[in-house]
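Reproduced below: run_14.json, with JSON, C-alpha atoms.
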[["chain", "number", "residue", "atom", "x", "y", "z"],
["W", 4, "MET", "CA", 0.00, 0.00, 0.00],
["W", 5, "LEU", "CA", 2.76, 2.48, 0.89],
["W", 6, "PRO", "CA", 4.42, 2.28, -2.58],
["W", 7, "LEU", "CA", 1.09, 3.17, -4.19],
["W", 8, "VAL", "CA", 0.52, 6.05, -1.78],
["W", 9, "VAL", "CA", 4.05, 7.42, -2.34],
["W", 10, "GLY", "CA", 3.80, 7.05, -6.11],
["W", 11, "ALA", "CA", 0.34, 8.61, -6.28],
["W", 12, "GLY", "CA", 1.36, 11.45, -3.98],
["W", 13, "ALA", "CA", 4.51, 12.21, -5.96],
["W", 14, "THR", "CA", 2.60, 12.14, -9.23],
["W", 15, "ALA", "CA", -0.17, 14.38, -7.90],
["W", 16, "LEU", "CA", 2.34, 16.87, -6.51],
["W", 17, "ALA", "CA", 4.34, 16.99, -9.75],
["W", 18, "VAL", "CA", 1.19, 17.43, -11.85],
["W", 19, "ALA", "CA", -0.16, 20.13, -9.54],
["W", 20, "LEU", "CA", 3.08, 22.10, -9.55],
["W", 21, "THR", "CA", 3.38, 21.77, -13.31],
["W", 22, "MET", "CA", -0.15, 23.03, -13.90],
["W", 23, "ALA", "CA", 0.01, 25.76, -11.25],
["W", 24, "THR", "CA", 3.26, 27.23, -12.58],
["W", 25, "GLY", "CA", 2.42, 26.94, -16.26],
["W", 26, "GLY", "CA", 5.03, 24.21, -16.71],
["W", 27, "SER", "CA", 5.21, 21.48, -19.29],
["W", 28, "PHE", "CA", 4.46, 17.79, -19.50],
["W", 29, "THR", "CA", 7.45, 17.40, -21.78],
["W", 30, "ALA", "CA", 11.10, 18.17, -21.09],
["W", 31, "HIS", "CA", 12.72, 21.51, -21.88],
["W", 32, "THR", "CA", 15.50, 20.64, -24.28],
["W", 33, "GLY", "CA", 17.99, 22.54, -26.39],
["W", 34, "TYR", "CA", 20.26, 25.45, -25.55],
["W", 35, "GLU", "CA", 18.78, 27.47, -28.44],
["W", 36, "GLN", "CA", 15.58, 27.83, -26.37],
["W", 37, "ALA", "CA", 17.45, 29.33, -23.44],
["W", 38, "LEU", "CA", 16.85, 32.99, -24.26],
["W", 39, "ARG", "CA", 13.12, 32.30, -24.55],
["W", 40, "GLU", "CA", 12.67, 29.92, -21.62],
["W", 41, "ILE", "CA", 15.15, 31.00, -18.98],
["W", 42, "THR", "CA", 14.79, 34.40, -17.39],
["W", 43, "LEU", "CA", 14.93, 35.63, -13.84],
["W", 44, "ARG", "CA", 11.24, 36.45, -14.10],
["W", 45, "ASP", "CA", 9.75, 33.13, -15.17],
["W", 46, "TRP", "CA", 12.24, 30.44, -14.06],
["W", 47, "TRP", "CA", 9.70, 29.10, -11.56],
["W", 48, "GLN", "CA", 7.53, 28.03, -14.51],
["W", 49, "LEU", "CA", 10.13, 25.49, -15.59],
["W", 50, "TRP", "CA", 8.47, 22.60, -13.77],
["W", 51, "ALA", "CA", 8.08, 19.63, -16.09],
["W", 52, "ILE", "CA", 7.20, 15.96, -16.06],
["W", 53, "PRO", "CA", 9.54, 14.26, -18.55],
["W", 54, "PRO", "CA", 7.68, 10.97, -19.14],
["W", 55, "VAL", "CA", 10.65, 8.62, -19.53],
["W", 56, "GLU", "CA", 12.60, 9.83, -16.50],
["W", 57, "PHE", "CA", 9.44, 10.06, -14.41],
["W", 58, "THR", "CA", 8.49, 6.49, -15.31],
["W", 59, "LEU", "CA", 11.99, 5.22, -14.48],
["W", 60, "ILE", "CA", 11.85, 6.89, -11.06],
["W", 61, "LEU", "CA", 8.45, 5.37, -10.28],
["W", 62, "LEU", "CA", 9.80, 1.99, -11.40],
["W", 63, "LEU", "CA", 12.74, 2.41, -9.01],
["W", 64, "ALA", "CA", 10.31, 3.28, -6.22],
["W", 65, "PHE", "CA", 8.29, 0.14, -6.96],
["W", 66, "VAL", "CA", 11.42, -2.04, -6.91],
["W", 67, "LEU", "CA", 12.63, -0.53, -3.64],
["W", 68, "PHE", "CA", 9.34, -0.82, -1.78],
["W", 69, "ARG", "CA", 8.52, -4.27, -3.14],
["W", 70, "SER", "CA", 11.94, -5.65, -2.28],
["W", 71, "ARG", "CA", 11.99, -8.73, -0.07],
["W", 72, "GLY", "CA", 14.78, -7.25, 2.00],
["W", 73, "ALA", "CA", 14.37, -4.90, 4.94],
["W", 74, "VAL", "CA", 14.27, -1.62, 3.06],
["W", 75, "ASN", "CA", 14.82, 1.55, 5.08],
["W", 76, "ARG", "CA", 11.75, 3.47, 3.94],
["W", 77, "GLY", "CA", 13.09, 6.83, 5.09],
["W", 78, "TYR", "CA", 16.14, 6.60, 2.84],
["W", 79, "ALA", "CA", 14.06, 5.16, -0.01],
["W", 80, "ILE", "CA", 11.51, 7.97, 0.08],
["W", 81, "SER", "CA", 14.31, 10.55, 0.30],
["W", 82, "ALA", "CA", 16.02, 9.04, -2.76],
["W", 83, "ILE", "CA", 12.83, 9.12, -4.84],
["W", 84, "ALA", "CA", 12.06, 12.69, -3.74],
["W", 85, "LEU", "CA", 15.58, 13.81, -4.64],
["W", 86, "LEU", "CA", 15.38, 12.22, -8.09],
["W", 87, "LEU", "CA", 12.01, 13.87, -8.72],
["W", 88, "LEU", "CA", 13.53, 17.20, -7.66],
["W", 89, "ALA", "CA", 16.40, 16.66, -10.09],
["W", 90, "VAL", "CA", 14.30, 15.85, -13.16],
["W", 91, "CYS", "CA", 10.95, 17.60, -12.59],
["W", 92, "SER", "CA", 11.75, 20.83, -10.75],
["W", 93, "PRO", "CA", 13.11, 24.09, -12.23],
["W", 94, "VAL", "CA", 16.60, 22.69, -11.62],
["W", 95, "ALA", "CA", 15.97, 20.37, -14.57],
["W", 96, "GLY", "CA", 14.37, 23.12, -16.64],
["W", 97, "LEU", "CA", 17.35, 25.40, -16.13],
["W", 98, "ALA", "CA", 19.77, 22.55, -16.82],
["W", 99, "GLN", "CA", 18.05, 21.46, -20.03],
["W", 100, "GLY", "CA", 17.76, 25.05, -21.13],
["W", 101, "GLY", "CA", 21.54, 25.26, -21.02],
["W", 102, "LEU", "CA", 22.60, 26.84, -17.71],
["W", 103, "PHE", "CA", 25.76, 24.90, -16.91],
["W", 104, "SER", "CA", 25.74, 25.47, -13.14],
["W", 105, "ALA", "CA", 22.18, 24.10, -13.00],
["W", 106, "HIS", "CA", 23.25, 21.18, -15.19],
["W", 107, "MET", "CA", 26.08, 20.43, -12.75],
["W", 108, "SER", "CA", 23.63, 20.59, -9.83],
["W", 109, "GLN", "CA", 21.48, 18.01, -11.56],
["W", 110, "HIS", "CA", 24.56, 15.84, -12.17],
["W", 111, "VAL", "CA", 25.47, 15.63, -8.49],
["W", 112, "LEU", "CA", 21.87, 15.07, -7.36],
["W", 113, "VAL", "CA", 21.32, 12.21, -9.82],
["W", 114, "GLY", "CA", 24.84, 10.77, -9.76],
["W", 115, "GLY", "CA", 25.99, 11.40, -6.19],
["W", 116, "PHE", "CA", 23.31, 11.94, -3.57],
["W", 117, "ALA", "CA", 20.45, 9.84, -4.98],
["W", 118, "PRO", "CA", 22.56, 6.67, -5.45],
["W", 119, "LEU", "CA", 23.89, 7.08, -1.90],
["W", 120, "LEU", "CA", 20.35, 7.23, -0.49],
["W", 121, "VAL", "CA", 19.25, 4.25, -2.58],
["W", 122, "MET", "CA", 22.17, 2.18, -1.34],
["W", 123, "LEU", "CA", 21.51, 3.17, 2.27],
["W", 124, "ALA", "CA", 17.88, 2.12, 1.82],
["W", 125, "ILE", "CA", 18.71, -1.52, 1.05],
["W", 126, "PRO", "CA", 20.16, -4.00, 3.54],
["W", 127, "LYS", "CA", 23.85, -4.82, 3.70],
["W", 128, "VAL", "CA", 24.85, -7.97, 1.85],
["W", 129, "ASP", "CA", 25.52, -11.20, 3.76],
["W", 130, "PRO", "CA", 28.70, -12.72, 2.27],
["W", 131, "ARG", "CA", 27.52, -16.20, 3.24],
["W", 132, "ARG", "CA", 24.44, -15.88, 1.03],
["W", 133, "VAL", "CA", 25.60, -13.65, -1.79],
["W", 134, "VAL", "CA", 25.09, -15.06, -5.28],
["W", 135, "ARG", "CA", 27.76, -14.05, -7.75],
["W", 136, "ARG", "CA", 26.34, -12.22, -10.76],
["W", 137, "TRP", "CA", 27.98, -11.07, -14.00],
["W", 138, "TRP", "CA", 28.12, -7.49, -12.74],
["W", 139, "HIS", "CA", 29.87, -8.26, -9.45],
["W", 140, "PRO", "CA", 33.39, -7.60, -10.84],
["W", 141, "LEU", "CA", 32.22, -4.06, -11.69],
["W", 142, "THR", "CA", 31.64, -3.35, -7.98],
["W", 143, "HIS", "CA", 35.24, -4.11, -7.02],
["W", 144, "PRO", "CA", 36.77, -0.84, -5.75],
["W", 145, "ALA", "CA", 39.65, -1.08, -8.25],
["W", 146, "VAL", "CA", 37.08, -1.22, -11.05],
["W", 147, "ALA", "CA", 34.17, 0.88, -9.76],
["W", 148, "PHE", "CA", 36.23, 4.02, -9.11],
["W", 149, "PRO", "CA", 37.89, 4.17, -12.58],
["W", 150, "LEU", "CA", 34.52, 3.50, -14.24],
["W", 151, "TRP", "CA", 32.87, 6.31, -12.29],
["W", 152, "THR", "CA", 35.76, 8.67, -13.05],
["W", 153, "GLY", "CA", 35.76, 7.75, -16.74],
["W", 154, "SER", "CA", 32.01, 8.30, -17.01],
["W", 155, "THR", "CA", 32.35, 11.72, -15.38],
["W", 156, "VAL", "CA", 35.12, 12.76, -17.76],
["W", 157, "VAL", "CA", 33.31, 11.55, -20.89],
["W", 158, "TRP", "CA", 30.02, 13.27, -20.11],
["W", 159, "LEU", "CA", 31.80, 16.55, -19.31],
["W", 160, "LEU", "CA", 33.63, 16.69, -22.64],
["W", 161, "ALA", "CA", 32.47, 19.82, -24.47],
["W", 162, "GLY", "CA", 31.42, 18.00, -27.64],
["W", 163, "VAL", "CA", 29.47, 15.38, -25.72],
["W", 164, "HIS", "CA", 27.80, 18.03, -23.58],
["W", 165, "HIS", "CA", 26.58, 19.85, -26.67],
["W", 166, "GLU", "CA", 24.98, 16.70, -28.06],
["W", 167, "VAL", "CA", 23.31, 16.02, -24.72],
["W", 168, "LEU", "CA", 21.66, 19.43, -24.78],
["W", 169, "VAL", "CA", 20.18, 19.02, -28.25],
["W", 170, "SER", "CA", 19.22, 15.32, -28.04],
["W", 171, "GLN", "CA", 16.53, 14.24, -25.60],
["W", 172, "PRO", "CA", 17.39, 10.50, -25.88],
["W", 173, "LEU", "CA", 21.06, 11.25, -25.14],
["W", 174, "TRP", "CA", 19.97, 13.44, -22.21],
["W", 175, "ILE", "CA", 18.07, 10.50, -20.73],
["W", 176, "ILE", "CA", 21.01, 8.15, -21.33],
["W", 177, "GLN", "CA", 23.29, 10.61, -19.54],
["W", 178, "GLN", "CA", 21.06, 10.75, -16.48],
["W", 179, "VAL", "CA", 20.75, 6.95, -16.34],
["W", 180, "ALA", "CA", 24.54, 6.65, -16.71],
["W", 181, "PHE", "CA", 25.23, 9.11, -13.89],
["W", 182, "PHE", "CA", 22.85, 7.23, -11.58],
["W", 183, "SER", "CA", 24.18, 3.79, -12.56],
["W", 184, "PHE", "CA", 27.84, 4.69, -12.14],
["W", 185, "GLY", "CA", 26.94, 6.42, -8.87],
["W", 186, "ILE", "CA", 25.53, 3.11, -7.65],
["W", 187, "LEU", "CA", 28.81, 1.41, -8.64],
["W", 188, "LEU", "CA", 30.80, 4.12, -6.85],
["W", 189, "TRP", "CA", 29.01, 3.60, -3.53],
["W", 190, "ALA", "CA", 28.71, -0.21, -3.75],
["W", 191, "PRO", "CA", 32.14, -1.13, -2.24],
["W", 192, "ILE", "CA", 31.86, 1.62, 0.39],
["W", 193, "LEU", "CA", 28.47, 0.56, 1.71],
["W", 194, "GLU", "CA", 28.80, -3.11, 0.69],
["W", 195, "ARG", "CA", 25.39, -3.38, -0.88],
["W", 196, "PHE", "CA", 25.03, -5.81, -3.80],
["W", 197, "THR", "CA", 28.60, -6.90, -3.19],
["W", 198, "VAL", "CA", 31.18, -7.98, -0.64],
["W", 199, "ALA", "CA", 34.22, -5.72, -0.58],
["W", 200, "PRO", "CA", 37.67, -7.38, -0.45],
["W", 201, "ASP", "CA", 39.11, -8.00, 3.01],
["W", 202, "TRP", "CA", 41.80, -5.37, 2.40],
["W", 203, "PHE", "CA", 39.16, -2.74, 1.68],
["W", 204, "GLY", "CA", 38.62, -1.76, 5.28],
["W", 205, "MET", "CA", 37.91, 1.63, 6.82],
["W", 206, "GLY", "CA", 41.31, 3.10, 5.93],
["W", 207, "ALA", "CA", 41.10, 2.00, 2.31],
["W", 208, "LYS", "CA", 37.54, 3.27, 2.07],
["W", 209, "ALA", "CA", 38.63, 6.66, 3.37],
["W", 210, "GLY", "CA", 41.35, 6.77, 0.70],
["W", 211, "TYR", "CA", 38.77, 5.80, -1.91],
["W", 212, "MET", "CA", 36.54, 8.72, -0.91],
["W", 213, "ALA", "CA", 39.56, 11.03, -0.92],
["W", 214, "GLY", "CA", 39.93, 10.03, -4.56],
["W", 215, "VAL", "CA", 36.33, 11.12, -5.18],
["W", 216, "TRP", "CA", 37.17, 14.48, -3.65],
["W", 217, "ILE", "CA", 40.29, 14.82, -5.82],
["W", 218, "VAL", "CA", 38.22, 14.23, -8.97],
["W", 219, "GLY", "CA", 35.82, 17.00, -7.94],
["W", 220, "LEU", "CA", 38.70, 19.28, -6.95],
["W", 221, "THR", "CA", 40.43, 18.74, -10.30],
["W", 222, "PHE", "CA", 37.38, 19.65, -12.35],
["W", 223, "ALA", "CA", 36.60, 22.61, -10.12],
["W", 224, "ASN", "CA", 40.10, 24.03, -10.52],
["W", 225, "ILE", "CA", 39.98, 23.56, -14.29],
["W", 226, "TYR", "CA", 36.67, 25.42, -14.43],
["W", 227, "TRP", "CA", 37.85, 28.16, -12.09],
["W", 228, "PHE", "CA", 41.30, 28.93, -13.45],
["W", 229, "SER", "CA", 41.28, 27.94, -17.12],
["W", 230, "GLY", "CA", 40.34, 31.45, -18.26],
["W", 231, "HIS", "CA", 38.40, 29.83, -21.09],
["W", 232, "ALA", "CA", 34.75, 28.81, -21.36],
["W", 233, "PHE", "CA", 34.74, 25.23, -22.63],
["W", 234, "TYR", "CA", 31.02, 24.97, -23.30],
["W", 235, "GLY", "CA", 29.81, 27.29, -26.03],
["W", 236, "SER", "CA", 26.44, 25.54, -25.97],
["W", 237, "HIS", "CA", 25.81, 26.99, -22.51],
["W", 238, "ALA", "CA", 26.58, 30.58, -23.45],
["W", 239, "ALA", "CA", 23.00, 31.56, -24.40],
["W", 240, "ALA", "CA", 21.57, 30.46, -21.08],
["W", 241, "ALA", "CA", 24.30, 32.31, -19.17],
["W", 242, "GLU", "CA", 23.52, 35.47, -21.15],
["W", 243, "ALA", "CA", 19.83, 35.06, -20.31],
["W", 244, "TRP", "CA", 20.83, 35.25, -16.65],
["W", 245, "GLY", "CA", 23.08, 38.25, -17.21],
["W", 246, "ILE", "CA", 26.37, 36.45, -16.63],
["W", 247, "SER", "CA", 29.16, 35.33, -18.89],
["W", 248, "ALA", "CA", 29.72, 31.74, -19.94],
["W", 249, "LEU", "CA", 32.98, 31.80, -17.98],
["W", 250, "GLU", "CA", 31.16, 32.89, -14.81],
["W", 251, "ASP", "CA", 28.59, 30.15, -15.32],
["W", 252, "GLN", "CA", 31.40, 27.65, -15.71],
["W", 253, "GLY", "CA", 33.02, 28.92, -12.50],
["W", 254, "ASN", "CA", 29.71, 28.53, -10.68],
["W", 255, "ALA", "CA", 29.51, 24.94, -11.96],
["W", 256, "GLY", "CA", 32.99, 24.34, -10.56],
["W", 257, "THR", "CA", 31.85, 25.66, -7.20],
["W", 258, "VAL", "CA", 28.84, 23.33, -7.24],
["W", 259, "MET", "CA", 31.11, 20.38, -7.99],
["W", 260, "MET", "CA", 33.64, 21.33, -5.32],
["W", 261, "VAL", "CA", 31.10, 21.94, -2.54],
["W", 262, "THR", "CA", 29.09, 18.79, -3.21],
["W", 263, "HIS", "CA", 32.15, 16.55, -3.59],
["W", 264, "CYS", "CA", 33.57, 17.93, -0.34],
["W", 265, "PHE", "CA", 30.29, 17.21, 1.41],
["W", 266, "LEU", "CA", 30.08, 13.67, 0.05],
["W", 267, "ALA", "CA", 33.75, 12.76, 0.49],
["W", 268, "PHE", "CA", 34.47, 14.38, 3.85],
["W", 269, "GLY", "CA", 31.09, 13.35, 5.22],
["W", 270, "ALA", "CA", 31.76, 9.74, 4.24],
["W", 271, "VAL", "CA", 35.30, 9.85, 5.66],
["W", 272, "GLY", "CA", 34.00, 11.24, 8.95],
["W", 273, "VAL", "CA", 31.36, 8.53, 9.23],
["W", 274, "LEU", "CA", 33.89, 5.85, 8.28],
["W", 275, "PHE", "CA", 36.35, 7.11, 10.89],
["W", 276, "PHE", "CA", 33.90, 6.99, 13.80],
["W", 277, "LYS", "CA", 32.32, 3.76, 12.56],
["W", 278, "GLY", "CA", 35.75, 2.15, 12.28],
["W", 279, "ALA", "CA", 36.74, 3.23, 15.78],
["W", 280, "THR", "CA", 33.49, 1.88, 17.21],
["W", 281, "GLU", "CA", 33.78, -1.41, 15.34],
["W", 282, "ARG", "CA", 37.39, -2.00, 16.38],
["W", 283, "GLY", "CA", 36.47, -1.41, 20.01],
["W", 284, "LEU", "CA", 33.50, -3.75, 19.84],
["W", 285, "GLN", "CA", 35.50, -6.42, 18.04],
["W", 286, "GLN", "CA", 38.18, -6.34, 20.73],
["W", 287, "ARG", "CA", 35.61, -6.58, 23.52],
["W", 288, "LEU", "CA", 33.92, -9.54, 21.78],
["W", 289, "ILE", "CA", 37.28, -11.33, 21.60],
["W", 290, "GLU", "CA", 38.01, -10.54, 25.24],
["W", 291, "ALA", "CA", 34.59, -11.95, 26.14],
["W", 292, "GLY", "CA", 35.54, -15.28, 24.59],
["W", 293, "MET", "CA", 34.32, -15.05, 21.00],
["W", 294, "ASP", "CA", 36.54, -16.44, 18.24],
["W", 295, "ALA", "CA", 38.51, -13.66, 16.52],
["W", 296, "ASP", "CA", 37.22, -14.49, 13.03],
["W", 297, "ASP", "CA", 33.64, -14.73, 14.27],
["W", 298, "ALA", "CA", 34.00, -11.40, 16.04],
["W", 299, "ARG", "CA", 35.37, -9.72, 12.92],
["W", 300, "PHE", "CA", 32.55, -11.14, 10.79],
["W", 301, "ALA", "CA", 29.84, -10.15, 13.29],
["W", 302, "VAL", "CA", 31.09, -6.57, 13.44],
["W", 303, "ARG", "CA", 31.60, -6.09, 9.71],
["W", 304, "TYR", "CA", 28.76, -8.11, 8.22],
["W", 305, "GLY", "CA", 26.55, -9.58, 10.88],
["W", 306, "ASP", "CA", 24.31, -8.42, 13.67],
["W", 307, "ALA", "CA", 26.72, -6.75, 16.08],
["W", 308, "GLU", "CA", 24.02, -6.18, 18.70],
["W", 309, "ALA", "CA", 23.06, -9.86, 18.71],
["W", 310, "ALA", "CA", 26.73, -10.85, 18.94],
["W", 311, "ALA", "CA", 27.24, -8.51, 21.89],
["W", 312, "ARG", "CA", 24.18, -9.88, 23.69],
["W", 313, "SER", "CA", 25.34, -13.47, 23.08],
["W", 314, "VAL", "CA", 28.50, -12.89, 25.12],
["W", 315, "GLY", "CA", 26.89, -10.58, 27.67],
["W", 316, "ILE", "CA", 28.47, -7.23, 26.79],
["W", 317, "ALA", "CA", 27.01, -3.86, 25.83],
["W", 318, "ARG", "CA", 26.94, -2.79, 22.15],
["W", 319, "THR", "CA", 28.48, 0.56, 23.10],
["W", 320, "ILE", "CA", 30.67, 1.76, 25.93],
["W", 321, "ARG", "CA", 29.27, 4.32, 28.34],
["W", 322, "VAL", "CA", 32.08, 6.64, 29.31],
["W", 323, "GLY", "CA", 32.86, 6.53, 33.01],
["W", 324, "ILE", "CA", 30.68, 3.42, 33.58],
["W", 325, "ASP", "CA", 31.96, 0.59, 31.33]]
Turn the structure described in the file into structure tokens.
Amino acid sequence: MLPLVVGAGATALAVALTMATGGSFTAHTGYEQALREITLRDWWQLWAIPPVEFTLILLLAFVLFRSRGAVNRGYAISAIALLLLAVCSPVAGLAQGGLFSAHMSQHVLVGGFAPLLVMLAIPKVDPRRVVRRWWHPLTHPAVAFPLWTGSTVVWLLAGVHHEVLVSQPLWIIQQVAFFSFGILLWAPILERFTVAPDWFGMGAKAGYMAGVWIVGLTFANIYWFSGHAFYGSHAAAAEAWGISALEDQGNAGTVMMVTHCFLAFGAVGVLFFKGATERGLQQRLIEAGMDADDARFAVRYGDAEAAARSVGIARTIRVGID
């Protein structure tokens, strides 16, 4: 019942906003329309319901909520809401009209934050029950990170970006690619769909996320300090907003830098405290008589609370008491 309620509510809200703001039930596409569609006065009217993307998002919602696993509904609903924001709200209208900084905002929502929320929504894999699939090698950290980086580079090439703006099918393919490679990026970190190698512990995961930050930092610095606007296709939209294409490109670099810092440093912070907690619990389980391998497995993959109860210790340490 909840999937139907969420889907119906999201659809009703999108339709209402589209009708109320004078939006469109088709996507805004093509940088040549920027001067007509994008102004400071009427940007709020750029709500749209692109049918293909909207259908794919509802399909994802159905898959998440109908999953046999213990789906975290809060994360799942947040992921669907974020994807709808990225493809239906004025962010999408501005992006498809050619404003590069808006396009970059859509990139990070679809390719960074939404995949993270989706992965957090599904349960962690049990290595004792995992069934190897053809795509499992793609989730290895030594493969997933280069694939994600390569996808980012290819889609940000000036020639490719121009074709994306003028071709609705290619636009859809780009969004699907960003989301898919985002899933691959987060898979070894969160260990959903896959079991990370034994060597890929908290320290290696922190280094992995530092690599994500470096990719964002590199692009941001290129956009900030190149002194050249790489994307002529975005110039019309920038002019409609009263800024130069170079300024728009710099704003896109800022979007990339801020969001990659948030994702990378946020993940590193969580990994650091999670690692410290897990190491402490693992040591206390061993001291309480549990086999070292069993303790490591329980902390990393199993039910740590159940393991702690089985040997009569607390899951966490209360400072000054334990």
Check: If we count only C-alpha atoms, what is near segment 107-109 of chain W at a cut-off of 9 Å, once residues fewer than 5 positions away on the same chain are taken out, given as a PyMOL selection string?
Finding: chain W and resi 88-90+94-95+98+102+114+178+255-256+258-259+262
With C-alpha atoms retained, export the selected residues as a PDB file, in the coordinates of the input.
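File result12.pdb, as written:
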ATOM      1  CA  LEU W  88      13.530  17.200  -7.660  1.00  0.00           C
ATOM      2  CA  ALA W  89      16.400  16.660 -10.090  1.00  0.00           C
ATOM      3  CA  VAL W  90      14.300  15.850 -13.160  1.00  0.00           C
ATOM      4  CA  VAL W  94      16.600  22.690 -11.620  1.00  0.00           C
ATOM      5  CA  ALA W  95      15.970  20.370 -14.570  1.00  0.00           C
ATOM      6  CA  ALA W  98      19.770  22.550 -16.820  1.00  0.00           C
ATOM      7  CA  LEU W 102      22.600  26.840 -17.710  1.00  0.00           C
ATOM      8  CA  GLY W 114      24.840  10.770  -9.760  1.00  0.00           C
ATOM      9  CA  GLN W 178      21.060  10.750 -16.480  1.00  0.00           C
ATOM     10  CA  ALA W 255      29.510  24.940 -11.960  1.00  0.00           C
ATOM     11  CA  GLY W 256      32.990  24.340 -10.560  1.00  0.00           C
ATOM     12  CA  VAL W 258      28.840  23.330  -7.240  1.00  0.00           C
ATOM     13  CA  MET W 259      31.110  20.380  -7.990  1.00  0.00           C
ATOM     14  CA  THR W 262      29.090  18.790  -3.210  1.00  0.00           C
TER      15      THR W 262
END
Check: atom CA of Leu266 of chain W and atom CA of Gly162 of chain W, how far apart in Å?
Finding: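 These two atoms are separated by 28.1 Å.
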Note to self: From the options W:Val179, W:Ile186, W:Ala84, W:Leu62, which residue's atoms come nearest to Met122 of chain W, counting only C-alpha atoms?
What the structure shows: W:Ile186
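Minimum distance to Pro172 of chain W across W:Val55, W:Ala117, W:Leu188, W:Ala209 (counting all atoms listed in the file) occurs at W:Val55.
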Margin query: Here is a test: counting only C-alpha atoms, which residue of W:Tyr78, W:Phe103, W:Trp50, W:Phe268 is nearest to Ala240 of chain W?
Written below: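 Once distances to Ala240 of chain W are computed over only C-alpha atoms, the minimum belongs to W:Phe103.
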Note to self: Residues near Ala207 of chain W, anyone? I mean within 12 Å using all atoms listed in the file, not counting same-chain ones fewer than 3 positions away, as number ranges by chain.
What the structure shows: W: 144-145, 191-192, 199-204, 210-214, 271, 274-275, 278
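Note that the spacing between atom CA of Val198 of chain W and atom CA of Lys127 of chain W amounts to 9.1 Å.
The interatomic distance for the pair atom CA of Arg69 of chain W and atom CA of Leu141 of chain W works out to 25.2 Å.
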Check: With distances taken over only C-alpha atoms, which of W:Ala147, W:Val218, W:Leu119, W:Ala243 is nearest to Ala270 of chain W?
Finding: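 Using only C-alpha atoms, Ala270 of chain W sits closest to W:Leu119.
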